[in-house]
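Peer 1: Just so it is clear, I am handing over upload21.cif, which has mmCIF, C-alpha atoms.
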data_protein
loop_
_atom_site.group_PDB
_atom_site.id
_atom_site.type_symbol
_atom_site.label_atom_id
_atom_site.label_comp_id
_atom_site.auth_asym_id
_atom_site.auth_seq_id
_atom_site.Cartn_x
_atom_site.Cartn_y
_atom_site.Cartn_z
ATOM 1 C CA MET A 1 23.456 -42.221 57.283
ATOM 2 C CA LEU A 2 23.977 -45.935 57.918
ATOM 3 C CA ARG A 3 25.579 -46.313 54.517
ATOM 4 C CA PHE A 4 27.950 -43.452 55.313
ATOM 5 C CA ILE A 5 28.980 -45.050 58.626
ATOM 6 C CA ALA A 6 29.519 -48.404 56.923
ATOM 7 C CA PHE A 7 31.645 -46.688 54.282
ATOM 8 C CA ILE A 8 33.823 -45.058 56.970
ATOM 9 C CA LEU A 9 34.234 -48.360 58.831
ATOM 10 C CA PHE A 10 35.201 -50.014 55.555
ATOM 11 C CA LEU A 11 37.819 -47.397 54.743
ATOM 12 C CA PHE A 12 39.451 -47.167 58.166
ATOM 13 C CA PRO A 13 41.263 -50.534 58.102
ATOM 14 C CA LEU A 14 42.632 -49.721 54.658
ATOM 15 C CA THR A 15 43.894 -46.360 55.872
ATOM 16 C CA ALA A 16 45.501 -47.953 58.928
ATOM 17 C CA LEU A 17 47.107 -50.630 56.762
ATOM 18 C CA ALA A 18 48.512 -48.081 54.333
ATOM 19 C CA GLN A 19 49.900 -46.090 57.235
ATOM 20 C CA ASN A 20 51.513 -49.149 58.870
ATOM 21 C CA CYS A 21 53.140 -50.122 55.565
ATOM 22 C CA ALA A 22 54.507 -46.646 54.906
ATOM 23 C CA PRO A 23 58.289 -46.917 54.336
ATOM 24 C CA GLY A 24 59.081 -44.428 57.086
ATOM 25 C CA ILE A 25 57.068 -46.351 59.676
ATOM 26 C CA LEU A 26 58.516 -49.716 58.606
ATOM 27 C CA LYS A 27 62.041 -48.341 58.700
ATOM 28 C CA GLY A 28 61.681 -46.910 62.202
ATOM 29 C CA GLU A 29 60.048 -50.053 63.560
ATOM 30 C CA LEU A 30 62.608 -52.401 62.038
ATOM 31 C CA LEU A 31 65.575 -50.381 63.247
ATOM 32 C CA GLN A 32 64.164 -50.112 66.764
ATOM 33 C CA ARG A 33 63.441 -53.827 66.968
ATOM 34 C CA ASN A 34 66.840 -54.698 65.566
ATOM 35 C CA GLU A 35 68.484 -52.551 68.233
ATOM 36 C CA ALA A 36 66.659 -54.513 70.940
ATOM 37 C CA ASP A 37 67.608 -57.779 69.230
ATOM 38 C CA GLN A 38 71.298 -56.910 69.181
ATOM 39 C CA ALA A 39 71.335 -55.549 72.738
ATOM 40 C CA ALA A 40 69.746 -58.761 74.045
ATOM 41 C CA ARG A 41 72.278 -60.920 72.224
ATOM 42 C CA LYS A 42 75.151 -58.794 73.433
ATOM 43 C CA ARG A 43 73.947 -59.229 77.006
ATOM 44 C CA LEU A 44 73.493 -62.978 76.533
ATOM 45 C CA SER A 45 77.020 -63.239 75.149
ATOM 46 C CA ALA A 46 78.361 -61.403 78.203
ATOM 47 C CA GLU A 47 76.196 -63.442 80.621
ATOM 48 C CA PRO A 48 75.883 -66.895 78.991
ATOM 49 C CA GLN A 49 74.780 -68.559 82.247
ATOM 50 C CA SER A 50 72.070 -65.994 82.999
ATOM 51 C CA LYS A 51 68.535 -67.355 82.728
ATOM 52 C CA ASP A 52 67.198 -63.799 82.804
ATOM 53 C CA ALA A 53 69.365 -62.821 79.831
ATOM 54 C CA LEU A 54 68.231 -65.910 77.911
ATOM 55 C CA ASP A 55 64.562 -65.321 78.729
ATOM 56 C CA GLN A 56 64.871 -61.702 77.612
ATOM 57 C CA ALA A 57 66.453 -62.692 74.284
ATOM 58 C CA LEU A 58 63.795 -65.339 73.645
ATOM 59 C CA GLN A 59 60.973 -62.918 74.457
ATOM 60 C CA ILE A 60 62.411 -60.322 72.096
ATOM 61 C CA ASP A 61 62.655 -62.980 69.381
ATOM 62 C CA ARG A 62 59.011 -63.935 69.928
ATOM 63 C CA ASP A 63 57.855 -60.314 69.811
ATOM 64 C CA ASN A 64 59.919 -59.529 66.718
ATOM 65 C CA THR A 65 58.765 -62.663 64.911
ATOM 66 C CA ALA A 66 55.116 -61.825 65.586
ATOM 67 C CA TYR A 67 55.687 -58.332 64.194
ATOM 68 C CA LEU A 68 57.564 -59.628 61.133
ATOM 69 C CA ARG A 69 54.895 -62.213 60.356
ATOM 70 C CA LYS A 70 52.215 -59.511 60.377
ATOM 71 C CA MET A 71 54.443 -57.160 58.356
ATOM 72 C CA LEU A 72 54.928 -59.856 55.745
ATOM 73 C CA ALA A 73 51.183 -60.527 55.514
ATOM 74 C CA ASP A 74 50.179 -56.864 55.384
ATOM 75 C CA CYS A 75 53.041 -55.254 53.478
ATOM 76 C CA GLY A 76 55.181 -57.945 51.857
ATOM 77 C CA TRP A 77 58.952 -58.036 52.181
ATOM 78 C CA PRO A 78 60.230 -54.442 52.542
ATOM 79 C CA LYS A 79 62.173 -52.950 49.631
ATOM 80 C CA ARG A 80 65.629 -51.632 50.409
ATOM 81 C CA SER A 81 65.110 -48.826 47.893
ATOM 82 C CA GLU A 82 62.288 -47.574 50.126
ATOM 83 C CA ILE A 83 63.465 -48.250 53.691
ATOM 84 C CA GLY A 84 67.247 -48.223 53.219
ATOM 85 C CA GLU A 85 69.940 -50.900 53.454
ATOM 86 C CA GLN A 86 70.199 -50.863 57.247
ATOM 87 C CA ALA A 87 66.499 -51.419 57.894
ATOM 88 C CA ALA A 88 66.270 -54.047 55.144
ATOM 89 C CA LYS A 89 69.197 -55.912 56.674
ATOM 90 C CA SER A 90 67.490 -55.658 60.061
ATOM 91 C CA ALA A 91 64.410 -57.414 58.693
ATOM 92 C CA TRP A 92 66.610 -60.217 57.373
ATOM 93 C CA ARG A 93 68.647 -60.513 60.580
ATOM 94 C CA MET A 94 65.567 -60.804 62.780
ATOM 95 C CA THR A 95 64.085 -63.345 60.367
ATOM 96 C CA GLN A 96 67.276 -65.365 60.797
ATOM 97 C CA HIS A 97 66.591 -65.311 64.535
ATOM 98 C CA ALA A 98 62.990 -66.523 64.098
ATOM 99 C CA ASP A 99 63.908 -70.192 64.456
ATOM 100 C CA MET A 100 60.931 -70.775 66.751
ATOM 101 C CA ASP A 101 58.684 -70.152 63.725
ATOM 102 C CA PRO A 102 60.228 -72.014 60.761
ATOM 103 C CA GLN A 103 57.007 -71.669 58.773
ATOM 104 C CA TYR A 104 57.376 -67.884 58.900
ATOM 105 C CA GLN A 105 60.973 -68.229 57.666
ATOM 106 C CA VAL A 106 59.718 -70.205 54.658
ATOM 107 C CA LEU A 107 57.106 -67.557 53.850
ATOM 108 C CA ALA A 108 59.681 -64.808 54.292
ATOM 109 C CA ALA A 109 62.156 -66.600 52.026
ATOM 110 C CA GLN A 110 59.516 -66.901 49.297
ATOM 111 C CA GLN A 111 58.926 -63.158 49.293
ATOM 112 C CA LEU A 112 62.593 -62.371 49.817
ATOM 113 C CA LYS A 113 63.368 -64.265 46.602
ATOM 114 C CA TYR A 114 61.093 -61.917 44.656
ATOM 115 C CA ALA A 115 62.943 -59.006 46.241
ATOM 116 C CA VAL A 116 66.287 -60.507 45.226
ATOM 117 C CA LEU A 117 65.172 -61.062 41.634
ATOM 118 C CA GLY A 118 63.937 -57.461 41.569
ATOM 119 C CA GLY A 119 67.226 -56.064 42.863
ATOM 120 C CA GLU A 120 65.689 -55.154 46.225
ATOM 121 C CA ALA A 121 67.679 -57.589 48.409
ATOM 122 C CA GLU A 122 70.936 -59.535 48.490
ATOM 123 C CA ALA A 123 71.149 -63.042 47.028
ATOM 124 C CA TRP A 124 73.518 -64.043 49.834
ATOM 125 C CA ASP A 125 70.872 -63.167 52.441
ATOM 126 C CA LEU A 126 68.276 -65.324 50.699
ATOM 127 C CA ALA A 127 70.624 -68.298 50.358
ATOM 128 C CA VAL A 128 71.693 -68.167 54.003
ATOM 129 C CA LEU A 129 68.087 -67.916 55.218
ATOM 130 C CA VAL A 130 66.848 -70.779 53.034
ATOM 131 C CA ASP A 131 69.658 -73.153 53.991
ATOM 132 C CA ARG A 132 69.458 -72.239 57.685
ATOM 133 C CA ASN A 133 65.736 -72.996 57.701
ATOM 134 C CA ARG A 134 66.145 -76.274 55.833
ATOM 135 C CA ARG A 135 68.770 -77.501 58.266
ATOM 136 C CA LEU A 136 66.494 -76.494 61.119
ATOM 137 C CA THR A 137 63.708 -78.619 59.627
ATOM 138 C CA ASN A 138 65.966 -81.559 58.686
ATOM 139 C CA GLN A 139 65.862 -80.968 54.933
ATOM 140 C CA LEU A 140 68.677 -80.933 52.378
ATOM 141 C CA GLN A 141 70.090 -77.472 51.754
ATOM 142 C CA VAL A 142 69.444 -75.676 48.474
ATOM 143 C CA TYR A 143 72.360 -73.284 47.939
ATOM 144 C CA GLY A 144 75.255 -74.993 49.716
ATOM 145 C CA MET A 145 75.759 -72.273 52.330
ATOM 146 C CA GLN A 146 75.870 -74.537 55.399
ATOM 147 C CA SER A 147 79.010 -76.411 56.404
ATOM 148 C CA MET A 148 80.776 -77.842 59.428
ATOM 149 C CA THR A 149 84.431 -77.930 60.430
ATOM 150 C CA LEU A 150 85.770 -81.384 61.255
ATOM 151 C CA PRO A 151 88.319 -82.014 64.041
ATOM 152 C CA ASP A 152 91.140 -81.976 61.467
ATOM 153 C CA LYS A 153 89.909 -78.510 60.308
ATOM 154 C CA THR A 154 88.514 -79.833 57.034
ATOM 155 C CA ILE A 155 85.332 -78.090 55.878
ATOM 156 C CA ARG A 156 82.464 -80.491 55.108
ATOM 157 C CA PHE A 157 79.191 -79.302 53.571
ATOM 158 C CA TYR A 158 75.840 -80.514 54.772
ATOM 159 C CA ASP A 159 73.937 -82.573 52.219
ATOM 160 C CA ILE A 160 72.615 -80.679 49.195
ATOM 161 C CA VAL A 161 69.403 -81.356 47.286
ATOM 162 C CA THR A 162 69.973 -82.319 43.609
ATOM 163 C CA PRO A 163 73.691 -81.425 43.792
ATOM 164 C CA SER A 164 74.150 -81.525 40.014
ATOM 165 C CA GLN A 165 71.875 -78.457 39.734
ATOM 166 C CA LEU A 166 73.470 -76.469 42.556
ATOM 167 C CA ASP A 167 75.266 -73.930 40.364
ATOM 168 C CA ALA A 168 72.134 -73.372 38.279
ATOM 169 C CA ARG A 169 70.167 -72.505 41.427
ATOM 170 C CA ARG A 170 72.921 -70.210 42.646
ATOM 171 C CA LYS A 171 73.117 -68.466 39.273
ATOM 172 C CA GLU A 172 69.353 -67.947 39.195
ATOM 173 C CA ILE A 173 69.491 -65.635 42.204
ATOM 174 C CA GLY A 174 72.818 -63.988 41.361
ATOM 175 C CA LEU A 175 75.248 -65.907 43.582
ATOM 176 C CA THR A 176 78.776 -66.795 42.504
ATOM 177 C CA SER A 177 79.478 -70.407 41.605
ATOM 178 C CA PHE A 178 79.854 -72.995 44.336
ATOM 179 C CA TYR A 179 83.535 -73.317 43.433
ATOM 180 C CA CYS A 180 84.082 -69.615 44.165
ATOM 181 C CA TRP A 181 82.102 -69.941 47.402
ATOM 182 C CA THR A 182 84.394 -72.752 48.556
ATOM 183 C CA LEU A 183 87.451 -70.599 47.859
ATOM 184 C CA GLN A 184 85.948 -67.825 49.947
ATOM 185 C CA LEU A 185 85.275 -70.206 52.821
ATOM 186 C CA SER A 186 88.807 -71.572 52.623
ATOM 187 C CA ARG A 187 90.279 -68.057 52.759
ATOM 188 C CA GLN A 188 88.098 -67.198 55.735
ATOM 189 C CA SER A 189 89.338 -70.349 57.466
ATOM 190 C CA LYS A 190 93.013 -69.519 56.801
ATOM 191 C CA GLY A 191 93.424 -71.953 53.938
ATOM 192 C CA ALA A 192 91.479 -74.877 55.392
ATOM 193 C CA SER A 193 90.995 -77.844 53.085
ATOM 194 C CA LEU A 194 87.528 -78.711 51.795
ATOM 195 C CA GLU A 195 85.661 -81.949 51.280
ATOM 196 C CA TRP A 196 83.968 -81.602 47.900
ATOM 197 C CA PRO A 197 80.272 -82.633 48.038
ATOM 198 C CA THR A 198 79.327 -85.703 46.034
ATOM 199 C CA GLY A 199 77.440 -84.887 42.857
ATOM 200 C CA VAL A 200 78.425 -81.195 42.688
ATOM 201 C CA LEU A 201 80.299 -80.294 39.502
ATOM 202 C CA PHE A 202 83.928 -79.398 40.187
ATOM 203 C CA ALA A 203 84.598 -76.498 37.800
ATOM 204 C CA PRO A 204 87.708 -74.412 38.643
ATOM 205 C CA GLN A 205 87.485 -70.825 37.394
ATOM 206 C CA ASP A 206 88.572 -67.271 38.061
ATOM 207 C CA CYS A 207 86.564 -65.912 40.970
ATOM 208 C CA PRO A 208 85.672 -62.377 42.015
ATOM 209 C CA GLU A 209 86.837 -61.059 45.364
ATOM 210 C CA ALA A 210 85.122 -62.585 48.360
ATOM 211 C CA LYS A 211 81.964 -60.760 49.445
#
Please express what this file holds, its structure, as structure tokens.

Peer 2:
Amino acid sequence: MLRFIAFILFLFPLTALAQNCAPGILKGELLQRNEADQAARKRLSAEPQSKDALDQALQIDRDNTAYLRKMLADCGWPKRSEIGEQAAKSAWRMTQHADMDPQYQVLAAQQLKYAVLGGEAEAWDLAVLVDRNRRLTNQLQVYGMQSMTLPDKTIRFYDIVTPSQLDARRKEIGLTSFYCWTLQLSRQSKGASLEWPTGVLFAPQDCPEAK
């Protein structure tokens, strides 16, 4: 009898874990949390001086980050083929907002890269997350996604780790070349000029349409 009880107690956590990681449950939870995330930010944008609006947004970020950290540990990064594009994008968006937990962002980026290489996530999402986190933690960016606009409207990129290997890193995850990325940024900024980063190969080429 005792062995039977022990067996049931052993199985229950596994059953609960499998249930919590079921694609349908993950999808519903991610979409619901994303809706709260966006509503809080919309309110904060409309009431930028409101302490209550700020506190609400920060609390939602804390709650969502705690959920995402546990999801990552229990289930791994969710596959878009299982939960759908919208829910997968929600997981990424809320991870972007998890700046209060940069260590979680690093862990998420590690698993997100596997998803990207397996065709289960967008390379652009990974690159933006990695470079956002590295700027947050005062490290050189990896994919060249972060830039600033100078007073004269020139676009300047934040420093890049091993710039001579930038295009190789971008290619590894399926991003267009850095040259094509700069053209996209310039178009988005109505033809703004760019300050080319030192050490990055300047290789003009035909580029696909901007993402």

Peer 1: Do you know which residues the PyMOL selection byres ((chain A and resi 173) around 7) returns on this file, as an MDAnalysis selection string?

Peer 2: chainID A and resid 116:117 123 169:172 174:175

Peer 1: Using all atoms listed in the file, which residues sit within 12 Å of region 79-90 of chain A once same-chain residues fewer than 4 positions away are excluded, as JSON, numbers by chain?

Peer 2: {"A": [21, 22, 23, 24, 25, 26, 27, 28, 29, 30, 31, 32, 33, 34, 35, 36, 37, 38, 64, 68, 72, 75, 94, 95, 96, 97, 111, 112, 113, 114, 115, 116, 117, 118, 119, 120, 121, 122, 124, 125, 126]}

Peer 1: Suppose you want the space between CA of Thr137 (chain A) and CA of Lys70 (chain A); what is it in Å?

Peer 2: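 These two atoms are separated by 22.3 Å.
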
Peer 1: To one decimal place, how far is CA of Asn20 (chain A) from CA of Val106 (chain A) in Å?

Peer 2: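 Atom-to-atom, CA of Asn20 (chain A) and CA of Val106 (chain A) are spaced 23.0 Å apart.
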
Peer 1: Residues within 10 Å of Ile160 (chain A), please, as a ChimeraX atom specification. Count only C-alpha atoms; anything in the same chain fewer than 2 positions from it doesn't count.

Peer 2: /A:131,139-146,157-158,162-166,197-200

Peer 1: So, with all atoms listed in the file as the atoms that count, which of A:Ala168, A:Thr65, A:Leu107, A:Ile155 lies closest to Gln188 (chain A)?

Peer 2: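 Among the listed residues, the smallest separation from Gln188 (chain A) belongs to A:Ile155.
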
Peer 1: List the spatial neighbours of Leu54 (chain A) as an MDAnalysis selection string - criterion: any atom at most 7 Å away, all atoms listed in the file, same-chain residues fewer than 4 positions off excluded.

Peer 2: chainID A and resid 44 50 58

Peer 1: Please tabulate, as JSON lines, the residues of region 106-144 of chain A that come within 12 Å of region 98-102 of chain A, each with its closest pair of atoms and the distance in Å to one decimal, counting all atoms listed in the file and ordering rows by chain, then residue number upward.

Peer 2:
{"residue": "A:Val106", "atom": "CA", "partner": "A:Pro102", "partner_atom": "CA", "distance": 6.4}
{"residue": "A:Leu107", "atom": "CA", "partner": "A:Pro102", "partner_atom": "CA", "distance": 8.8}
{"residue": "A:Ala108", "atom": "CA", "partner": "A:Pro102", "partner_atom": "CA", "distance": 9.7}
{"residue": "A:Ala109", "atom": "CA", "partner": "A:Pro102", "partner_atom": "CA", "distance": 10.5}
{"residue": "A:Leu129", "atom": "CA", "partner": "A:Ala98", "partner_atom": "CA", "distance": 10.3}
{"residue": "A:Val130", "atom": "CA", "partner": "A:Pro102", "partner_atom": "CA", "distance": 10.2}
{"residue": "A:Asp131", "atom": "CA", "partner": "A:Pro102", "partner_atom": "CA", "distance": 11.7}
{"residue": "A:Arg132", "atom": "CA", "partner": "A:Asp99", "partner_atom": "CA", "distance": 9.0}
{"residue": "A:Asn133", "atom": "CA", "partner": "A:Pro102", "partner_atom": "CA", "distance": 6.4}
{"residue": "A:Arg134", "atom": "CA", "partner": "A:Pro102", "partner_atom": "CA", "distance": 8.8}
{"residue": "A:Arg135", "atom": "CA", "partner": "A:Pro102", "partner_atom": "CA", "distance": 10.5}
{"residue": "A:Leu136", "atom": "CA", "partner": "A:Asp99", "partner_atom": "CA", "distance": 7.6}
{"residue": "A:Thr137", "atom": "CA", "partner": "A:Pro102", "partner_atom": "CA", "distance": 7.6}
{"residue": "A:Asn138", "atom": "CA", "partner": "A:Pro102", "partner_atom": "CA", "distance": 11.3}

Peer 1: Using Å and a single decimal, report how far CA of Tyr104 (chain A) sits from CA of Ile60 (chain A).

Peer 2: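 Taking CA of Ile60 (chain A) as the start and CA of Tyr104 (chain A) as the end point, the length is 16.0 Å.
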
Peer 1: Tell me which of A:Ser177, A:Gln205, A:Thr182, A:Gln105 sits closest to Ser147 (chain A), counting all atoms listed in the file.

Peer 2: A:Thr182

Peer 1: Which of these, A:Lys51, A:Arg41, A:Arg156, A:Arg93, has the shortest distance to Glu195 (chain A) once you count all atoms listed in the file?

Peer 2: A:Arg156

Peer 1: So which one's closest to Tyr179 (chain A), A:Ala39, A:Leu201, A:Val161, A:Ala53? Using all atoms listed in the file, please.

Peer 2: A:Leu201

Peer 1: Set the distance at 12 Å and use all atoms listed in the file: which residues neighbour Asp206 (chain A) once local chain neighbours fewer than 4 positions away are removed? I'd like the list as a list in words.

Peer 2: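 In the requested format, the answer is Thr176, Ser177, Tyr179, Cys180, Trp181, Leu183 and Ala210 of chain A.
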
Peer 1: Go through A:Asp159, A:Pro48, A:Gln110, A:Pro151 one by one, measure the shortest atom-to-atom distance of each to Gly76 (chain A) using only C-alpha atoms, and give the residue with the smallest value.

Peer 2: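 Among the listed residues, A:Gln110 lies closest to Gly76 (chain A).
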
Peer 1: Please put the answer as AutoDock Vina command-line options: centre and edge lengths, in Å with one decimal, of a box along x, y and z that encloses all listed atoms of region 198-202 of chain A plus 8 Å on each side.

Peer 2:
--center_x 80.7 --center_y -82.6 --center_z 42.8 --size_x 22.5 --size_y 22.3 --size_z 22.5
